[in-house]
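Data block for model.cif (mmCIF, C-alpha atoms):
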```
data_target
loop_
_atom_site.label_atom_id
_atom_site.label_comp_id
_atom_site.auth_asym_id
_atom_site.auth_seq_id
_atom_site.Cartn_x
_atom_site.Cartn_y
_atom_site.Cartn_z
CA MET A 51 65.52 -1.03 69.38
CA SER A 52 63.76 -2.27 66.23
CA ARG A 53 60.86 -4.71 66.41
CA ASP A 54 62.98 -7.47 64.81
CA SER A 55 65.73 -6.84 67.34
CA SER A 56 63.22 -6.88 70.21
CA ASP A 57 61.65 -10.12 68.92
CA THR A 58 65.10 -11.73 68.62
CA ARG A 59 65.97 -10.61 72.14
CA THR A 60 62.77 -12.17 73.50
CA ARG A 61 63.45 -15.41 71.59
CA ILE A 62 66.97 -15.49 73.06
CA LEU A 63 65.63 -15.02 76.60
CA ASP A 64 62.90 -17.65 76.13
CA CYS A 65 65.33 -20.18 74.66
CA THR A 66 67.83 -19.55 77.45
CA TRP A 67 65.05 -20.07 80.00
CA ASN A 68 64.07 -23.38 78.36
CA LEU A 69 67.66 -24.58 78.15
CA LEU A 70 68.32 -23.74 81.79
CA GLU A 71 65.20 -25.58 82.92
CA SER A 72 66.19 -28.63 80.87
CA GLY A 73 68.75 -29.43 83.56
CA ASP A 74 71.96 -29.05 81.56
CA LYS A 75 74.86 -28.33 83.89
CA LYS A 76 76.43 -25.82 81.52
CA VAL A 77 74.46 -23.83 78.98
CA ARG A 78 76.94 -22.29 76.58
CA MET A 79 76.42 -19.28 74.36
CA SER A 80 76.82 -21.54 71.33
CA ASP A 81 73.99 -23.78 72.64
CA ILE A 82 71.72 -20.78 73.02
CA ALA A 83 72.58 -19.37 69.58
CA LYS A 84 71.86 -22.75 67.98
CA GLU A 85 68.54 -23.06 69.82
CA VAL A 86 67.50 -19.55 68.73
CA GLY A 87 68.71 -20.09 65.17
CA ILE A 88 71.20 -17.24 65.09
CA SER A 89 74.99 -17.03 64.98
CA ARG A 90 77.05 -16.66 68.15
CA GLN A 91 78.14 -13.26 66.88
CA ALA A 92 74.50 -12.17 66.61
CA LEU A 93 73.87 -13.43 70.13
CA TYR A 94 76.80 -11.37 71.42
CA LEU A 95 75.35 -8.27 69.75
CA HIS A 96 72.30 -8.62 72.02
CA PHE A 97 74.17 -9.81 75.12
CA PRO A 98 77.89 -8.99 75.18
CA THR A 99 78.54 -11.41 78.07
CA ARG A 100 77.01 -14.64 79.30
CA ALA A 101 76.52 -13.07 82.74
CA GLU A 102 74.40 -10.30 81.20
CA LEU A 103 72.34 -12.92 79.36
CA LEU A 104 71.72 -15.06 82.45
CA ILE A 105 70.79 -12.06 84.58
CA ALA A 106 68.52 -10.74 81.81
CA THR A 107 66.89 -14.18 81.58
CA THR A 108 66.05 -14.26 85.29
CA ARG A 109 64.59 -10.76 85.03
CA HIS A 110 62.68 -11.77 81.88
CA ILE A 111 61.12 -14.66 83.82
CA ASP A 112 60.09 -12.21 86.56
CA SER A 113 58.49 -10.03 83.90
CA VAL A 114 56.67 -12.91 82.17
CA LYS A 115 55.42 -14.19 85.53
CA ASN A 116 54.45 -10.63 86.53
CA VAL A 117 56.35 -10.38 89.78
CA ASP A 118 55.33 -6.74 90.23
CA ALA A 119 51.65 -7.74 90.35
CA ARG A 120 52.49 -10.51 92.82
CA LEU A 121 54.21 -7.98 95.07
CA ALA A 122 51.52 -5.31 94.78
CA ASP A 123 49.74 -6.29 98.01
CA SER A 124 52.98 -6.31 99.94
CA ARG A 125 54.01 -2.92 98.60
CA ALA A 126 50.57 -1.44 99.30
CA ALA A 127 50.24 -2.90 102.81
CA THR A 128 49.41 -0.34 105.47
CA SER A 129 51.04 -2.21 108.35
CA GLY A 130 54.34 -3.98 108.81
CA ARG A 131 52.62 -7.21 109.78
CA ASP A 132 50.51 -7.16 106.60
CA ARG A 133 53.55 -6.32 104.48
CA LEU A 134 55.45 -9.25 105.98
CA ALA A 135 52.59 -11.70 105.40
CA SER A 136 51.99 -10.49 101.85
CA PHE A 137 55.68 -10.65 100.96
CA ILE A 138 56.00 -14.19 102.31
CA GLY A 139 52.94 -15.23 100.33
CA ALA A 140 54.23 -13.62 97.13
CA TRP A 141 57.75 -15.05 97.34
CA GLY A 142 56.71 -18.39 98.82
CA GLY A 143 54.16 -18.86 96.05
CA TYR A 144 56.71 -17.91 93.39
CA ILE A 145 59.34 -20.46 94.44
CA PRO A 146 57.58 -23.49 92.86
CA GLU A 147 57.30 -21.60 89.57
CA ILE A 148 61.01 -20.80 89.33
CA HIS A 149 62.28 -23.93 91.03
CA GLY A 150 63.62 -25.52 87.83
CA LEU A 151 65.60 -22.41 86.99
CA SER A 152 66.88 -22.14 90.57
CA VAL A 153 68.10 -25.73 90.49
CA ALA A 154 69.95 -25.10 87.23
CA LEU A 155 71.63 -21.88 88.36
CA ARG A 156 72.53 -23.25 91.80
CA SER A 157 74.00 -26.42 90.33
CA MET A 158 76.22 -24.36 88.03
CA ARG A 159 77.31 -21.64 90.43
CA ASP A 160 80.34 -23.37 91.99
CA SER A 161 82.03 -23.72 88.61
CA ASP A 162 80.29 -20.96 86.67
CA ALA A 163 80.73 -17.35 87.77
CA GLU A 164 78.04 -16.10 85.39
CA ALA A 165 75.42 -18.50 86.76
CA ALA A 166 76.44 -17.50 90.28
CA ALA A 167 76.02 -13.82 89.36
CA ALA A 168 72.54 -14.45 87.93
CA TRP A 169 71.41 -16.37 91.01
CA ASP A 170 72.94 -13.81 93.38
CA ASP A 171 71.19 -11.00 91.49
CA ARG A 172 67.81 -12.62 92.07
CA MET A 173 68.52 -13.47 95.69
CA GLN A 174 69.53 -9.86 96.34
CA ALA A 175 66.13 -8.84 94.95
CA VAL A 176 64.49 -11.19 97.48
CA ARG A 177 66.68 -9.74 100.22
CA HIS A 178 65.54 -6.26 99.22
CA GLY A 179 61.92 -7.38 99.69
CA CYS A 180 62.81 -8.86 103.08
CA ALA A 181 64.45 -5.58 104.10
CA ALA A 182 61.35 -3.61 103.08
CA ALA A 183 59.10 -5.88 105.16
CA VAL A 184 61.42 -5.62 108.16
CA ALA A 185 61.64 -1.83 107.80
CA ALA A 186 57.83 -1.67 107.81
CA LEU A 187 57.78 -3.70 111.04
CA ALA A 188 60.36 -1.37 112.57
CA ALA A 189 58.36 1.71 111.50
CA ASP A 190 55.33 0.25 113.27
CA LYS A 191 57.49 -0.43 116.36
CA MET A 192 56.68 -4.12 115.97
CA LEU A 193 60.23 -5.42 115.50
CA ARG A 194 61.72 -7.32 118.42
CA PRO A 195 63.78 -4.81 120.43
CA ASP A 196 66.85 -7.08 120.49
CA LEU A 197 66.99 -7.15 116.67
CA ASN A 198 68.26 -4.45 114.38
CA ILE A 199 66.96 -4.15 110.82
CA GLU A 200 70.00 -5.85 109.26
CA VAL A 201 69.92 -8.89 111.55
CA ALA A 202 66.14 -9.21 111.17
CA THR A 203 66.54 -9.02 107.39
CA ASP A 204 69.20 -11.76 107.55
CA LEU A 205 66.81 -13.98 109.52
CA LEU A 206 63.85 -13.46 107.20
CA TRP A 207 65.97 -13.92 104.07
CA THR A 208 67.27 -17.21 105.45
CA LEU A 209 63.80 -18.43 106.39
CA LEU A 210 62.62 -17.70 102.83
CA SER A 211 65.47 -19.51 101.07
CA VAL A 212 64.67 -21.84 98.19
CA GLU A 213 66.64 -24.53 100.02
CA ASN A 214 64.24 -24.33 103.01
CA TRP A 215 61.26 -24.59 100.64
CA GLU A 216 62.84 -27.68 99.03
CA ARG A 217 63.34 -29.39 102.37
CA LEU A 218 59.86 -28.67 103.69
CA VAL A 219 57.80 -29.15 100.52
CA ARG A 220 59.86 -31.61 98.47
CA GLU A 221 61.54 -33.66 101.19
CA CYS A 222 59.08 -33.45 104.09
CA GLY A 223 55.97 -33.50 101.90
CA TRP A 224 54.36 -30.30 103.15
CA SER A 225 51.68 -28.75 100.95
CA GLN A 226 52.37 -25.31 99.51
CA VAL A 227 49.65 -23.84 101.74
CA GLU A 228 51.11 -25.48 104.84
CA TYR A 229 54.58 -24.19 103.91
CA GLU A 230 53.38 -20.60 103.49
CA ASN A 231 51.30 -20.66 106.69
CA GLN A 232 54.09 -22.12 108.80
CA ILE A 233 56.73 -19.76 107.40
CA LYS A 234 54.45 -16.81 108.16
CA ARG A 235 53.99 -18.03 111.75
CA LEU A 236 57.70 -18.73 112.18
CA SER A 237 58.66 -15.33 110.73
CA GLU A 238 56.27 -13.52 113.05
CA ALA A 239 57.56 -15.48 116.05
CA ALA A 240 61.16 -14.69 115.09
CA LEU A 241 60.71 -10.99 114.29
CA LEU A 242 57.74 -9.48 116.13
CA ALA A 243 57.99 -7.94 119.57
CA LYS A 244 55.80 -9.45 122.25
CA HIS A 245 53.01 -7.03 123.15
#
```
Could you express the structure from this file as structure tokens?
Amino acid sequence: MSRDSSDTRTRILDCTWNLLESGDKKVRMSDIAKEVGISRQALYLHFPTRAELLIATTRHIDSVKNVDARLADSRAATSGRDRLASFIGAWGGYIPEIHGLSVALRSMRDSDAEAAAAWDDRMQAVRHGCAAAVAALAADKMLRPDLNIEVATDLLWTLLSVENWERLVRECGWSQVEYENQIKRLSEAALLAKH
């Protein structure tokens, strides 16, 4: 990919990000092309479908916000309990930074298959992180004996939903620190075997 092509691609992703966070219910390819200053045809050369563009935008945001560095402690943890706590801290701390984008994609998903695909792609990435934390607990023989890995992953993934963060932080007025601490405690109570 040439430098000009790479620069245009980055401009497209940044403009899409900005348009999504502006709160528009439907961000069309023509809106994005206009914002970038290119033709729709040129936009389609970079992203053949709107779904590809929206998914690439969410991944671009993860790259700009350096999600891999945020997850480094979780991935390097030497115990399941530490991996769980680090993952909750990484994801819980990331939610406020992507909240505007999450609101936009979630508000569009019922009538917009591409927005739904982009949001589902990101939530599957979160689920993958939940599964890794649960697997680490199971490897340490710390997982509650009445839970299997899939059910425990379901529970953790649900606890870490953006909607739960919204209720606790936005609606109930919890601080971010209080949210993260309570979710860590609740997750441990829900998942860890009593010793």
Pull the closest atom pair for each residue of region 140-227 of chain A that gets at most 12 Å from region 60-74 of chain A, along with the distance in Å to one decimal, counting all atoms listed in the file, ordering rows by chain and then ascending residue number, as a tab-separated table.
```
residue	atom	partner	partner_atom	distance
A:Glu147	CA	A:Glu71	CA	11.1
A:Ile148	CA	A:Glu71	CA	9.0
A:His149	CA	A:Glu71	CA	8.8
A:Gly150	CA	A:Glu71	CA	5.2
A:Leu151	CA	A:Glu71	CA	5.2
A:Ser152	CA	A:Glu71	CA	8.6
A:Val153	CA	A:Gly73	CA	7.9
A:Ala154	CA	A:Gly73	CA	5.8
A:Leu155	CA	A:Leu70	CA	7.6
A:Arg156	CA	A:Leu70	CA	10.9
A:Ser157	CA	A:Gly73	CA	9.1
A:Met158	CA	A:Asp74	CA	9.1
A:Ala165	CA	A:Leu70	CA	10.1
A:Ala168	CA	A:Leu70	CA	11.9
```
| Nearest to Glu102 (chain A) by atom-to-atom distance, counting only C-alpha atoms, from A:Leu121, A:Asp171, A:Ala126, A:Arg90 | A:Asp171
| field | Counting all atoms listed in the file, the option among A:Trp141, A:Phe97, A:Trp169, A:Trp207 closest to Leu241 (chain A) | value | A:Trp207
| task | Could you tell me which residues the PyMOL selection byres ((chain A and resi 242) around 12) grabs in this file, written as a VMD selection string? | result | chain A and resid 130 to 131 134 183 to 188 190 to 199 202 206 234 to 241 243 to 245
| Using only C-alpha atoms, which of the listed residues (A:Ala83, A:Leu93, A:Ala106, A:Ile111) sits closest to Ala167 (chain A)? | A:Ala106
| said: Give me, as a ChimeraX atom specification, all polymer residues having an atom no more than 12 Å from Asp170 (chain A), counting all atoms listed in the file and skipping those fewer than 3 positions away in the same chain. | reply: /A:101,104-105,108,152,155-156,159,163-167,173-177
| query | So how many Å separate CA of Asn231 (chain A) and CA of Val212 (chain A), to one decimal? | reply | 15.9 Å
| task | Take CA of Ala135 (chain A) and CA of Gly223 (chain A) and report the distance between them in Å, one decimal. | result |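 The value is 22.3 Å.
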| field | A:Val227, A:Ala127, A:Met79, A:Ile138 ranked by distance to Pro98 (chain A), top pick (using all atoms listed in the file) | value |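 Comparing A:Val227, A:Ala127, A:Met79, A:Ile138 against Pro98 (chain A), the winner is A:Met79.
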| query | So which one's closest to Ala92 (chain A), A:Glu213, A:Trp224, A:Asp123, A:Arg59? Using only C-alpha atoms, please. | reply |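 Distance minimum relative to Ala92 (chain A) lands on A:Arg59.
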| Which residue, A:Ile145, A:Arg100, A:Ser89, A:Asp162, has the smallest gap to Ser211 (chain A) when you use only C-alpha atoms? |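 Ranked by minimum distance to Ser211 (chain A), first place goes to A:Ile145.
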